[in-house]
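Asks: Contents of work18.txt (compact mmCIF, C-alpha atoms) are given next:
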```
# COMPACT_ATOMS: atom_id res chain seq x y z
CA MET A 99 115.68 116.21 70.20
CA GLN A 100 113.52 115.69 73.26
CA LYS A 101 114.98 113.49 75.99
CA ASN A 102 112.89 110.62 77.27
CA ILE A 103 113.50 111.07 81.01
CA PRO A 104 110.70 110.14 83.43
CA PRO A 105 109.57 113.31 85.27
CA TRP A 106 110.33 111.70 88.65
CA GLN A 107 114.00 111.37 87.72
CA VAL A 108 114.46 115.05 86.84
CA LYS A 109 116.74 116.71 89.38
CA ARG A 110 115.91 120.28 90.39
CA GLU A 111 117.70 122.80 92.56
CA ILE A 112 116.27 125.78 94.39
CA ILE A 113 117.71 129.18 93.47
CA THR A 114 117.16 132.19 95.74
CA LYS A 115 116.07 135.43 94.14
CA ASN A 116 115.45 137.51 97.27
CA GLU A 117 116.20 136.84 100.92
CA GLU A 118 113.02 136.74 102.95
CA LYS A 119 111.70 135.23 106.19
CA THR A 120 108.24 133.85 106.92
CA ASP A 121 106.12 134.98 109.86
CA PRO A 122 105.39 132.06 112.24
CA ARG A 123 102.00 133.60 113.08
CA TYR A 124 100.53 132.52 109.75
CA GLY A 125 100.10 129.02 108.38
CA TYR A 126 102.03 125.87 109.33
CA LYS A 127 104.70 123.66 107.93
CA PRO A 128 102.62 120.91 106.25
CA GLU A 129 103.85 118.17 108.59
CA GLU A 130 103.13 120.35 111.66
CA ARG A 131 99.52 121.23 110.90
CA PRO A 132 97.13 120.66 113.82
CA ILE A 133 95.58 117.22 113.37
CA LYS A 134 92.19 118.39 112.01
CA GLU A 135 93.89 120.57 109.41
CA TYR A 136 96.40 117.82 108.72
CA VAL A 137 93.59 115.42 107.74
CA LYS A 138 91.74 118.07 105.73
CA PHE A 139 94.85 118.73 103.63
CA GLY A 140 95.89 115.09 103.53
CA ILE A 141 96.32 112.29 101.04
CA VAL A 142 96.51 108.53 101.50
CA ASN A 143 98.97 106.58 99.39
CA LEU A 144 96.72 103.52 99.22
CA ASP A 145 97.76 100.07 98.08
CA LYS A 146 94.59 99.17 96.21
CA PRO A 147 93.37 95.59 96.69
CA PRO A 148 92.27 93.59 93.63
CA GLY A 149 88.55 93.26 92.96
CA PRO A 150 86.74 96.44 93.93
CA SER A 151 86.87 99.50 91.67
CA SER A 152 88.97 102.57 92.47
CA HIS A 153 85.70 104.35 93.18
CA GLU A 154 84.52 101.75 95.71
CA VAL A 155 87.88 101.69 97.46
CA THR A 156 87.83 105.48 97.73
CA ALA A 157 84.40 105.34 99.37
CA TRP A 158 85.75 102.83 101.94
CA VAL A 159 88.68 105.08 102.78
CA ARG A 160 86.28 107.99 103.22
CA LYS A 161 84.20 105.93 105.67
CA ILE A 162 87.17 104.52 107.59
CA LEU A 163 88.66 107.97 108.14
CA GLY A 164 85.29 109.61 108.70
CA VAL A 165 85.90 112.46 106.26
CA LYS A 166 83.24 114.24 104.18
CA LYS A 167 85.02 114.17 100.86
CA ALA A 168 87.62 112.00 99.15
CA GLY A 169 88.70 111.53 95.55
CA HIS A 170 91.25 109.36 93.80
CA GLY A 171 93.90 110.35 91.29
CA GLY A 172 94.51 108.09 88.30
CA THR A 173 91.90 105.32 88.12
CA LEU A 174 93.09 101.74 88.45
CA GLU A 175 90.42 99.64 86.79
CA ALA A 176 88.73 96.87 88.72
CA SER A 177 89.68 93.30 87.81
CA PRO A 178 87.91 92.28 84.58
CA GLU A 179 85.65 89.79 86.40
CA ALA A 180 84.36 92.49 88.70
CA GLY A 181 83.77 94.84 85.79
CA GLU A 182 81.85 92.41 83.61
CA ILE A 183 79.47 91.07 86.21
CA PRO A 184 77.60 94.01 87.71
CA LYS A 185 77.06 93.43 91.41
CA MET B 252 94.42 95.60 89.32
CA THR B 253 96.34 96.56 92.43
CA GLY B 254 98.91 99.07 93.63
CA VAL B 255 99.39 102.78 94.22
CA LEU B 256 96.06 104.62 94.29
CA PRO B 257 96.44 108.13 95.70
CA ILE B 258 93.32 109.21 97.59
CA ALA B 259 92.94 112.89 98.41
CA LEU B 260 90.82 114.03 101.36
CA GLU B 261 88.56 117.10 101.63
CA GLU B 262 90.55 120.23 100.68
CA ALA B 263 93.30 118.09 99.14
CA THR B 264 90.90 116.85 96.43
CA LYS B 265 91.91 120.00 94.53
CA ILE B 266 95.27 118.40 93.65
CA ILE B 267 93.74 115.32 92.01
CA GLN B 268 94.12 116.71 88.51
CA ALA B 269 97.86 117.13 89.03
CA LEU B 270 98.12 113.46 90.01
CA GLN B 271 96.09 112.27 87.05
CA LEU B 272 98.46 114.01 84.67
CA ALA B 273 101.55 112.74 86.51
CA GLY B 274 103.72 109.91 85.16
CA LYS B 275 103.04 106.34 86.25
CA GLU B 276 104.98 103.13 86.62
CA TYR B 277 103.47 99.64 86.40
CA ILE B 278 104.49 96.02 86.67
CA CYS B 279 102.47 93.95 84.24
CA VAL B 280 101.93 90.31 83.30
CA MET B 281 101.18 90.00 79.60
CA LYS B 282 100.01 86.77 77.96
CA LEU B 283 101.20 86.10 74.42
CA HIS B 284 98.92 84.20 72.03
CA GLY B 285 101.82 82.48 70.24
CA GLU B 286 105.49 81.61 70.59
CA VAL B 287 107.94 84.52 70.37
CA SER B 288 111.70 84.54 71.03
CA GLU B 289 113.13 86.69 73.80
CA GLU B 290 115.24 88.59 71.22
CA LYS B 291 112.20 89.45 69.12
CA LEU B 292 110.31 90.54 72.24
CA LYS B 293 113.12 92.82 73.40
CA GLU B 294 113.36 94.31 69.93
CA VAL B 295 109.65 95.16 69.88
CA PHE B 296 109.78 96.54 73.46
CA LYS B 297 112.51 98.91 72.27
CA GLU B 298 110.22 100.15 69.48
CA PHE B 299 107.56 101.10 72.00
CA GLU B 300 109.88 103.36 74.03
CA GLY B 301 109.50 107.05 73.21
CA THR B 302 106.30 108.58 71.86
CA ILE B 303 103.53 106.18 70.87
CA TYR B 304 100.07 106.65 69.39
CA GLN B 305 97.24 105.19 71.38
CA ARG B 306 93.50 105.13 70.88
CA PRO B 307 91.71 104.81 74.25
CA PRO B 308 89.85 101.47 74.63
CA LEU B 309 86.06 101.08 74.25
CA ARG B 310 85.47 101.26 77.97
CA ALA B 311 87.39 104.44 78.63
CA SER B 312 86.58 107.58 80.56
CA VAL B 313 87.86 109.89 77.81
CA LYS B 314 86.98 110.67 74.22
CA ARG B 315 88.23 107.89 71.93
CA ARG B 316 90.47 109.78 69.60
CA LEU B 317 94.02 108.89 68.71
CA ARG B 318 96.46 110.59 71.06
CA THR B 319 100.15 110.41 71.80
CA ARG B 320 101.65 109.16 75.03
CA LYS B 321 105.27 108.89 76.17
CA ILE B 322 106.73 105.58 77.22
CA TYR B 323 109.81 106.43 79.30
CA TYR B 324 110.99 102.83 79.59
CA LEU B 325 109.70 99.35 78.83
CA GLU B 326 111.75 96.69 80.52
CA LEU B 327 111.42 92.92 80.18
CA LEU B 328 111.79 91.35 83.63
CA GLU B 329 110.95 87.73 82.97
CA LYS B 330 109.75 85.46 80.18
CA ASP B 331 108.17 82.14 81.05
CA GLY B 332 106.85 80.66 77.81
CA ARG B 333 103.94 82.87 76.82
CA ASN B 334 103.83 84.71 80.14
CA ILE B 335 105.74 87.98 80.06
CA LEU B 336 106.55 90.08 83.11
CA PHE B 337 107.56 93.66 82.36
CA ARG B 338 107.97 97.07 83.98
CA VAL B 339 106.82 100.23 82.22
CA GLY B 340 107.27 103.92 83.04
CA CYS B 341 104.80 106.08 81.14
CA GLU B 342 102.94 109.35 80.89
CA GLY B 343 99.66 109.74 82.78
CA GLY B 344 96.69 108.48 80.77
CA THR B 345 98.52 105.61 79.06
CA TYR B 346 96.35 102.49 78.85
CA ILE B 347 98.45 99.44 79.66
CA ARG B 348 95.75 97.00 78.50
CA LYS B 349 95.92 98.70 75.11
CA LEU B 350 99.73 98.75 75.19
CA CYS B 351 99.74 94.95 75.64
CA TYR B 352 97.27 94.54 72.79
CA ASP B 353 99.37 96.76 70.51
CA ILE B 354 102.60 94.93 71.43
CA GLY B 355 100.82 91.71 70.48
CA GLU B 356 99.84 93.17 67.12
CA VAL B 357 103.41 94.20 66.32
CA LEU B 358 104.71 90.79 67.42
CA GLY B 359 102.15 89.27 65.07
CA CYS B 360 100.85 86.66 67.51
CA GLY B 361 98.54 88.84 69.60
CA ALA B 362 98.68 89.40 73.35
CA HIS B 363 96.58 90.55 76.26
CA MET B 364 97.10 92.01 79.70
CA GLN B 365 96.80 89.41 82.42
CA GLU B 366 97.65 91.28 85.59
CA LEU B 367 98.63 94.80 86.49
CA ARG B 368 100.11 96.49 89.52
CA ARG B 369 100.84 100.22 89.71
CA THR B 370 104.13 100.88 91.46
CA ARG B 371 104.17 104.67 91.06
CA ALA B 372 101.79 107.61 90.56
CA GLY B 373 103.83 110.79 90.16
CA PRO B 374 105.94 111.15 93.32
CA LEU B 375 104.03 108.43 95.23
CA THR B 376 105.54 104.95 95.16
CA GLU B 377 104.71 101.55 96.59
CA GLU B 378 107.93 101.60 98.63
CA GLU B 379 107.27 104.82 100.50
CA ASN B 380 104.31 105.19 102.91
CA CYS B 381 102.03 102.99 100.83
CA ILE B 382 99.32 101.51 103.02
CA ASP B 383 96.61 98.87 102.49
CA LEU B 384 93.01 99.09 103.72
CA TYR B 385 93.65 96.76 106.68
CA ASP B 386 96.50 98.85 108.07
CA LEU B 387 94.60 102.05 107.37
CA SER B 388 91.66 100.83 109.41
CA TYR B 389 93.94 99.38 112.12
CA TYR B 390 95.98 102.55 112.68
CA HIS B 391 92.89 104.73 112.53
CA GLY B 392 91.41 102.56 115.29
CA LEU B 393 94.59 102.91 117.36
CA TRP B 394 94.39 106.67 116.97
CA LYS B 395 90.79 106.71 118.21
CA GLU B 396 91.77 104.56 121.20
CA THR B 397 94.99 106.27 122.22
CA LYS B 398 94.41 109.81 120.82
CA ASP B 399 98.05 109.68 119.70
CA ASP B 400 98.22 111.79 116.53
CA ALA B 401 101.38 109.98 115.42
CA TYR B 402 99.14 107.19 114.06
CA ILE B 403 97.25 109.60 111.81
CA ARG B 404 100.48 111.20 110.62
CA LYS B 405 101.69 107.70 109.73
CA ILE B 406 98.74 106.85 107.46
CA ILE B 407 98.00 110.28 105.97
CA LEU B 408 100.53 112.43 104.10
CA PRO B 409 100.36 116.21 103.56
CA MET B 410 98.97 116.96 100.09
CA GLU B 411 102.23 118.77 99.30
CA LYS B 412 103.88 115.32 99.06
CA ALA B 413 101.78 114.66 95.96
CA LEU B 414 103.20 117.80 94.29
CA ASP B 415 106.87 116.78 94.66
CA HIS B 416 107.23 116.25 90.91
CA ILE B 417 105.98 119.74 89.94
CA PRO B 418 108.55 122.59 89.75
CA LYS B 419 107.99 125.15 92.47
CA ILE B 420 108.07 128.88 93.04
CA PHE B 421 108.32 130.03 96.67
CA ILE B 422 106.69 133.36 97.53
CA ARG B 423 106.63 136.02 100.25
CA ASP B 424 104.04 135.87 103.02
CA SER B 425 102.72 139.18 101.71
CA ALA B 426 101.99 137.69 98.28
CA VAL B 427 100.06 134.64 99.50
CA GLU B 428 96.59 136.01 100.12
CA ALA B 429 96.33 137.70 96.71
CA ILE B 430 97.05 134.32 95.05
CA CYS B 431 94.31 132.75 97.21
CA TYR B 432 91.96 135.33 95.68
CA GLY B 433 93.02 134.15 92.22
CA ALA B 434 95.54 136.86 91.35
CA ASN B 435 98.50 136.04 89.12
CA LEU B 436 101.97 135.95 90.64
CA ALA B 437 104.05 139.08 90.08
CA ALA B 438 107.86 139.09 90.03
CA PRO B 439 108.41 141.00 93.33
CA GLY B 440 106.53 138.26 95.22
CA VAL B 441 109.05 135.58 94.25
CA VAL B 442 111.60 134.60 96.91
CA SER B 443 113.11 131.50 95.31
CA LEU B 444 112.36 128.99 92.59
CA GLU B 445 113.43 125.68 91.13
CA THR B 446 115.61 125.20 88.10
CA GLY B 447 114.19 123.92 84.82
CA ILE B 448 110.99 125.97 84.68
CA LEU B 449 110.02 126.80 81.10
CA LYS B 450 107.27 129.07 79.78
CA ASP B 451 103.82 127.40 79.81
CA MET B 452 104.93 124.67 82.22
CA THR B 453 102.67 123.78 85.15
CA VAL B 454 104.28 125.05 88.35
CA ALA B 455 103.28 124.95 92.02
CA ILE B 456 103.27 128.15 94.07
CA PHE B 457 104.46 127.46 97.63
CA THR B 458 104.85 129.47 100.84
CA LEU B 459 108.22 129.70 102.57
CA LYS B 460 106.85 127.17 105.10
CA GLY B 461 106.38 124.70 102.26
CA GLU B 462 102.58 124.95 102.01
CA ALA B 463 100.94 124.66 98.59
CA VAL B 464 99.13 127.87 97.59
CA ALA B 465 98.16 127.21 93.99
CA LEU B 466 98.93 125.46 90.72
CA ALA B 467 99.83 127.89 87.97
CA LYS B 468 101.14 128.19 84.43
CA ALA B 469 104.62 129.68 84.17
CA LEU B 470 104.76 132.80 82.01
CA ALA B 471 108.57 132.77 81.87
CA SER B 472 111.54 130.44 82.41
CA THR B 473 113.57 130.09 85.64
CA GLU B 474 116.32 132.31 84.19
CA GLU B 475 113.87 134.97 83.03
CA ILE B 476 112.02 135.01 86.35
CA LEU B 477 115.32 135.46 88.21
CA SER B 478 116.07 138.64 86.30
CA MET B 479 112.53 140.08 86.31
CA THR B 480 111.75 142.95 88.69
CA ARG B 481 108.20 143.57 87.52
CA GLY B 482 105.41 141.94 85.56
CA PHE B 483 103.70 138.57 86.02
CA VAL B 484 105.70 135.36 86.24
CA ALA B 485 102.86 132.83 86.62
CA LYS B 486 99.14 132.66 85.81
CA THR B 487 97.15 131.12 88.67
CA LYS B 488 95.13 128.09 87.51
CA ARG B 489 93.97 126.25 90.62
CA VAL B 490 93.98 127.76 94.11
CA LEU B 491 94.77 125.16 96.77
CA MET B 492 94.95 127.25 99.96
CA PRO B 493 91.76 128.66 101.51
CA LYS B 494 91.48 132.42 101.92
CA GLY B 495 92.37 133.96 105.26
CA VAL B 496 95.41 131.90 106.27
CA TYR B 497 97.86 134.71 105.50
CA PRO B 498 97.12 138.43 106.01
CA LYS B 499 95.59 140.57 103.31
CA ILE B 500 98.05 143.36 102.65
CA TRP B 501 97.06 144.96 99.41
CA GLY B 502 95.53 148.40 99.56
CA LYS B 503 97.85 149.27 102.43
CA SER B 504 101.25 150.78 101.87
CA SER B 505 103.87 148.13 102.49
CA SER B 506 107.58 147.78 102.10
CA VAL B 507 107.62 144.98 99.51
```
Would you kindly transcribe this structure into structure tokens?

Replies:
Amino acid sequence: MQKNIPPWQVKREIITKNEEKTDPRYGYKPEERPIKEYVKFGIVNLDKPPGPSSHEVTAWVRKILGVKKAGHGGTLEASPEAGEIPK
Amino acid sequence: MTGVLPIALEEATKIIQALQLAGKEYICVMKLHGEVSEEKLKEVFKEFEGTIYQRPPLRASVKRRLRTRKIYYLELLEKDGRNILFRVGCEGGTYIRKLCYDIGEVLGCGAHMQELRRTRAGPLTEEENCIDLYDLSYYHGLWKETKDDAYIRKIILPMEKALDHIPKIFIRDSAVEAICYGANLAAPGVVSLETGILKDMTVAIFTLKGEAVALAKALASTEEILSMTRGFVAKTKRVLMPKGVYPKIWGKSSSV
């Protein structure tokens, strides 16, 4: 019988297999990336306004932040009015 | 429709697929087309928890064939005549408009979705670091004016945050670059891992600094991986880290 637990409520622990250290010369902790890198590897948890489509909103975010590329995960449809009357 | 819409920038766009598949939570206003008692409504809500069949609506971005989706919970929050407010936790790709329609069919009176707000997409919620377009633009302006990076770090999150819900395998520095070249992960490269990994599950390969290296398919369970000394433990599916961040060590003799 499969349990019906939302994936975000599943508790996980980390188990160590081998002891090992990381060399500070390579890479960064995600929150300590230099600002350009930080943006390049960044996401925005946007509160989408009603009206415009997810696609339009994503284009606005791209312009505001001045980045080359942006994409959204999990489309939230535009309000029905906006969808039915092409602008 | 409003609420949580994760937007990935530049290199982070590679994680979008993982977010699309992730579970979602919504608050929804549904309009009934007839009178229904609260008891009857609760009864029908109960029926929709678990695995449901759903055919994607006419205007959908996927092929319209019957598919199954999991409803983790369906909770009645308020009933005001024919207006129903509910909260639903569901698998990625569940159509809430269709869910409302189907609930209406089972109730017998018909129903439609009136309003929808997403309160969660995978690990991202409306409570934590969720920002609207006005604030985004405002803080970005402040950053340009003051050059204080704290403003950018306030409005943008590391892409790793969006992978919180995926079980992880942490690897040695010396194993990182090979994964960036698309190699599968071998047992000696594993330093630590999370509990609950099963064969064929999607896992995230991380560095010891907590950087995402790749998304992969587990070839063994947590327990099996712990006892393995050789062989592959995960098949690399989507490389997230660019080449050249960690040193290339293969071909040289090393003390792994």

Asks: How close does chain B get to chain A? List, as a tab-separated table, each residue of chain B within 7 Å, its nearest atom pair and the distance in Å to one decimal, counting all atoms listed in the file.

Replies:
```
residue	atom	partner	partner_atom	distance
B:Met252	CA	A:Pro148	CA	5.2
B:Thr253	CA	A:Lys146	CA	4.9
B:Gly254	CA	A:Asp145	CA	4.7
B:Val255	CA	A:Asp145	CA	5.0
B:Leu256	CA	A:Leu144	CA	5.1
B:Pro257	CA	A:Asn143	CA	4.7
B:Ile258	CA	A:His170	CA	4.3
B:Ala259	CA	A:Ile141	CA	4.3
B:Leu260	CA	A:Ala168	CA	4.4
B:Glu261	CA	A:Lys167	CA	4.7
B:Glu262	CA	A:Phe139	CA	5.4
B:Ala263	CA	A:Phe139	CA	4.8
B:Thr264	CA	A:Gly169	CA	5.8
B:Ile267	CA	A:Gly171	CA	5.0
B:Gln268	CA	A:Gly171	CA	6.9
B:Leu270	CA	A:Gly171	CA	5.4
B:Gln271	CA	A:Gly172	CA	4.6
B:Gly274	CA	A:Pro105	CA	6.8
B:Gly301	CA	A:Asn102	CA	6.4
B:Tyr323	CA	A:Asn102	CA	5.6
B:Gly373	CA	A:Trp106	CA	6.7
B:Pro374	CA	A:Trp106	CA	6.4
B:Leu375	CA	A:Asn143	CA	6.8
B:Asn380	CA	A:Asn143	CA	6.5
B:Cys381	CA	A:Asn143	CA	4.9
B:Ile382	CA	A:Leu144	CA	5.0
B:Asp383	CA	A:Asp145	CA	4.7
B:Ser388	CA	A:Ile162	CA	6.1
B:His391	CA	A:Leu163	CA	6.9
B:Asp400	CA	A:Ile133	CA	6.8
B:Ile406	CA	A:Val142	CA	6.6
B:Ile407	CA	A:Val142	CA	5.0
B:Leu408	CA	A:Ile141	CA	5.2
B:Pro409	CA	A:Gly140	CA	4.6
B:Met410	CA	A:Gly140	CA	5.0
B:His416	CA	A:Trp106	CA	6.0
B:Arg423	CA	A:Glu118	CA	7.0
B:Asp424	CA	A:Thr120	CA	6.1
B:Val442	CA	A:Asn116	CA	4.8
B:Ser443	CA	A:Thr114	CA	4.1
B:Leu444	CA	A:Ile112	CA	5.4
B:Glu445	CA	A:Ile112	CA	4.3
B:Thr446	CA	A:Arg110	CA	5.4
B:Gly447	CA	A:Arg110	CA	6.9
B:Leu459	CA	A:Thr120	CA	6.0
B:Lys460	CA	A:Lys127	CA	5.0
B:Gly461	CA	A:Lys127	CA	6.0
B:Glu462	CA	A:Pro128	CA	5.9
B:Leu477	CA	A:Lys115	CA	6.0
B:Val496	CA	A:Gly125	CA	5.9
B:Tyr497	CA	A:Tyr124	CA	5.5
```

Asks: Using all atoms listed in the file, what residues lie at most 9 Å away from (103.5, 88.4, 76.7) (file coordinates), given as number ranges by chain?

Replies: B: 280-285, 287, 292, 330-337, 351, 354-355, 361-365

Asks: Go ahead and save the picked residues with C-alpha atoms, as a PDB file, in the coordinates of the input.

Replies:
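Writing done, so here's again_13.pdb:
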```pdb
ATOM      1  CA  VAL B 280     101.930  90.310  83.300  1.00  0.00           C
ATOM      2  CA  MET B 281     101.180  90.000  79.600  1.00  0.00           C
ATOM      3  CA  LYS B 282     100.010  86.770  77.960  1.00  0.00           C
ATOM      4  CA  LEU B 283     101.200  86.100  74.420  1.00  0.00           C
ATOM      5  CA  HIS B 284      98.920  84.200  72.030  1.00  0.00           C
ATOM      6  CA  GLY B 285     101.820  82.480  70.240  1.00  0.00           C
ATOM      7  CA  VAL B 287     107.940  84.520  70.370  1.00  0.00           C
ATOM      8  CA  LEU B 292     110.310  90.540  72.240  1.00  0.00           C
ATOM      9  CA  LYS B 330     109.750  85.460  80.180  1.00  0.00           C
ATOM     10  CA  ASP B 331     108.170  82.140  81.050  1.00  0.00           C
ATOM     11  CA  GLY B 332     106.850  80.660  77.810  1.00  0.00           C
ATOM     12  CA  ARG B 333     103.940  82.870  76.820  1.00  0.00           C
ATOM     13  CA  ASN B 334     103.830  84.710  80.140  1.00  0.00           C
ATOM     14  CA  ILE B 335     105.740  87.980  80.060  1.00  0.00           C
ATOM     15  CA  LEU B 336     106.550  90.080  83.110  1.00  0.00           C
ATOM     16  CA  PHE B 337     107.560  93.660  82.360  1.00  0.00           C
ATOM     17  CA  CYS B 351      99.740  94.950  75.640  1.00  0.00           C
ATOM     18  CA  ILE B 354     102.600  94.930  71.430  1.00  0.00           C
ATOM     19  CA  GLY B 355     100.820  91.710  70.480  1.00  0.00           C
ATOM     20  CA  GLY B 361      98.540  88.840  69.600  1.00  0.00           C
ATOM     21  CA  ALA B 362      98.680  89.400  73.350  1.00  0.00           C
ATOM     22  CA  HIS B 363      96.580  90.550  76.260  1.00  0.00           C
ATOM     23  CA  MET B 364      97.100  92.010  79.700  1.00  0.00           C
ATOM     24  CA  GLN B 365      96.800  89.410  82.420  1.00  0.00           C
TER      25      GLN B 365
END
```

Asks: Quick one, how far is CA of Ile303 in chain B from CA of Lys450 in chain B?

Replies: 24.8 Å

Asks: Give as a VMD selection string each residue that has an atom at most 9 Å from (106.6, 137.4, 92.7) in the file, counting all atoms listed in the file.

Replies: chain B and resid 420 to 423 426 435 to 442 476 480 to 485

Asks: Convert the current residue selection to file output with C-alpha atoms, as a short mmCIF file (atom, residue, chain, number, x, y, z; two decimals), keeping the file's coordinate frame.

Replies:
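Result file part01.cif:
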```
data_model
loop_
_atom_site.label_atom_id
_atom_site.label_comp_id
_atom_site.auth_asym_id
_atom_site.auth_seq_id
_atom_site.Cartn_x
_atom_site.Cartn_y
_atom_site.Cartn_z
CA ILE B 420 108.07 128.88 93.04
CA PHE B 421 108.32 130.03 96.67
CA ILE B 422 106.69 133.36 97.53
CA ARG B 423 106.63 136.02 100.25
CA ALA B 426 101.99 137.69 98.28
CA ASN B 435 98.50 136.04 89.12
CA LEU B 436 101.97 135.95 90.64
CA ALA B 437 104.05 139.08 90.08
CA ALA B 438 107.86 139.09 90.03
CA PRO B 439 108.41 141.00 93.33
CA GLY B 440 106.53 138.26 95.22
CA VAL B 441 109.05 135.58 94.25
CA VAL B 442 111.60 134.60 96.91
CA ILE B 476 112.02 135.01 86.35
CA THR B 480 111.75 142.95 88.69
CA ARG B 481 108.20 143.57 87.52
CA GLY B 482 105.41 141.94 85.56
CA PHE B 483 103.70 138.57 86.02
CA VAL B 484 105.70 135.36 86.24
CA ALA B 485 102.86 132.83 86.62
#
```

Asks: Suppose you want the space between CA of Thr473 in chain B and CA of Tyr432 in chain B; what is it in Å?

Replies: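 Separating CA of Thr473 in chain B from CA of Tyr432 in chain B is a distance of 24.4 Å.
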
Asks: With 8 Å added on each side, what axis-aligned box encloses every listed atom of range 268-274 of chain B? Give the centre and edge lengths in Å to one decimal, as AutoDock Vina command-line options.

Replies:
```
--center_x 98.9 --center_y 113.5 --center_z 87.3 --size_x 25.6 --size_y 23.2 --size_z 21.3
```

Asks: Quick one, how far is CA of Thr302 in chain B from CA of Ala469 in chain B?

Replies: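 Rounded to one decimal, the two atoms are 24.5 Å apart.
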
Asks: Could you rebuild range 443-461 of chain B with N, CA and C atoms and give it back as a JSON list (two decimals), in the frame of the given file?

Replies:
```
[["chain", "number", "residue", "atom", "x", "y", "z"],
["B", 443, "SER", "N", 112.19, 132.45, 95.94],
["B", 443, "SER", "CA", 113.11, 131.50, 95.31],
["B", 443, "SER", "C", 112.31, 130.59, 94.37],
["B", 444, "LEU", "N", 113.04, 129.87, 93.53],
["B", 444, "LEU", "CA", 112.36, 128.99, 92.59],
["B", 444, "LEU", "C", 113.26, 127.86, 92.13],
["B", 445, "GLU", "N", 112.65, 126.84, 91.55],
["B", 445, "GLU", "CA", 113.43, 125.68, 91.13],
["B", 445, "GLU", "C", 113.94, 125.85, 89.70],
["B", 446, "THR", "N", 115.02, 125.16, 89.43],
["B", 446, "THR", "CA", 115.61, 125.20, 88.10],
["B", 446, "THR", "C", 114.73, 124.41, 87.12],
["B", 447, "GLY", "N", 114.87, 124.71, 85.86],
["B", 447, "GLY", "CA", 114.19, 123.92, 84.82],
["B", 447, "GLY", "C", 112.78, 124.35, 84.49],
["B", 448, "ILE", "N", 112.32, 125.48, 85.04],
["B", 448, "ILE", "CA", 110.99, 125.97, 84.68],
["B", 448, "ILE", "C", 111.06, 126.60, 83.29],
["B", 449, "LEU", "N", 110.12, 126.22, 82.43],
["B", 449, "LEU", "CA", 110.02, 126.80, 81.10],
["B", 449, "LEU", "C", 108.65, 127.46, 80.96],
["B", 450, "LYS", "N", 108.55, 128.40, 80.04],
["B", 450, "LYS", "CA", 107.27, 129.07, 79.78],
["B", 450, "LYS", "C", 106.20, 128.03, 79.47],
["B", 451, "ASP", "N", 105.00, 128.26, 80.01],
["B", 451, "ASP", "CA", 103.82, 127.40, 79.81],
["B", 451, "ASP", "C", 103.82, 126.11, 80.63],
["B", 452, "MET", "N", 104.87, 125.86, 81.39],
["B", 452, "MET", "CA", 104.93, 124.67, 82.22],
["B", 452, "MET", "C", 103.99, 124.83, 83.42],
["B", 453, "THR", "N", 103.45, 123.72, 83.91],
["B", 453, "THR", "CA", 102.67, 123.78, 85.15],
["B", 453, "THR", "C", 103.65, 123.89, 86.32],
["B", 454, "VAL", "N", 103.43, 124.88, 87.18],
["B", 454, "VAL", "CA", 104.28, 125.05, 88.35],
["B", 454, "VAL", "C", 103.40, 125.08, 89.60],
["B", 455, "ALA", "N", 104.01, 124.86, 90.76],
["B", 455, "ALA", "CA", 103.28, 124.95, 92.02],
["B", 455, "ALA", "C", 103.81, 126.16, 92.78],
["B", 456, "ILE", "N", 102.89, 127.00, 93.27],
["B", 456, "ILE", "CA", 103.27, 128.15, 94.07],
["B", 456, "ILE", "C", 103.20, 127.73, 95.54],
["B", 457, "PHE", "N", 104.33, 127.91, 96.25],
["B", 457, "PHE", "CA", 104.46, 127.46, 97.63],
["B", 457, "PHE", "C", 104.80, 128.62, 98.56],
["B", 458, "THR", "N", 104.42, 128.50, 99.83],
["B", 458, "THR", "CA", 104.85, 129.47, 100.84],
["B", 458, "THR", "C", 106.26, 129.11, 101.28],
["B", 459, "LEU", "N", 106.87, 129.97, 102.05],
["B", 459, "LEU", "CA", 108.22, 129.70, 102.57],
["B", 459, "LEU", "C", 108.19, 128.59, 103.62],
["B", 460, "LYS", "N", 106.98, 128.29, 104.15],
["B", 460, "LYS", "CA", 106.85, 127.17, 105.10],
["B", 460, "LYS", "C", 106.66, 125.85, 104.37],
["B", 461, "GLY", "N", 106.55, 125.92, 103.04],
["B", 461, "GLY", "CA", 106.38, 124.70, 102.26],
["B", 461, "GLY", "C", 104.94, 124.29, 102.06]]
```
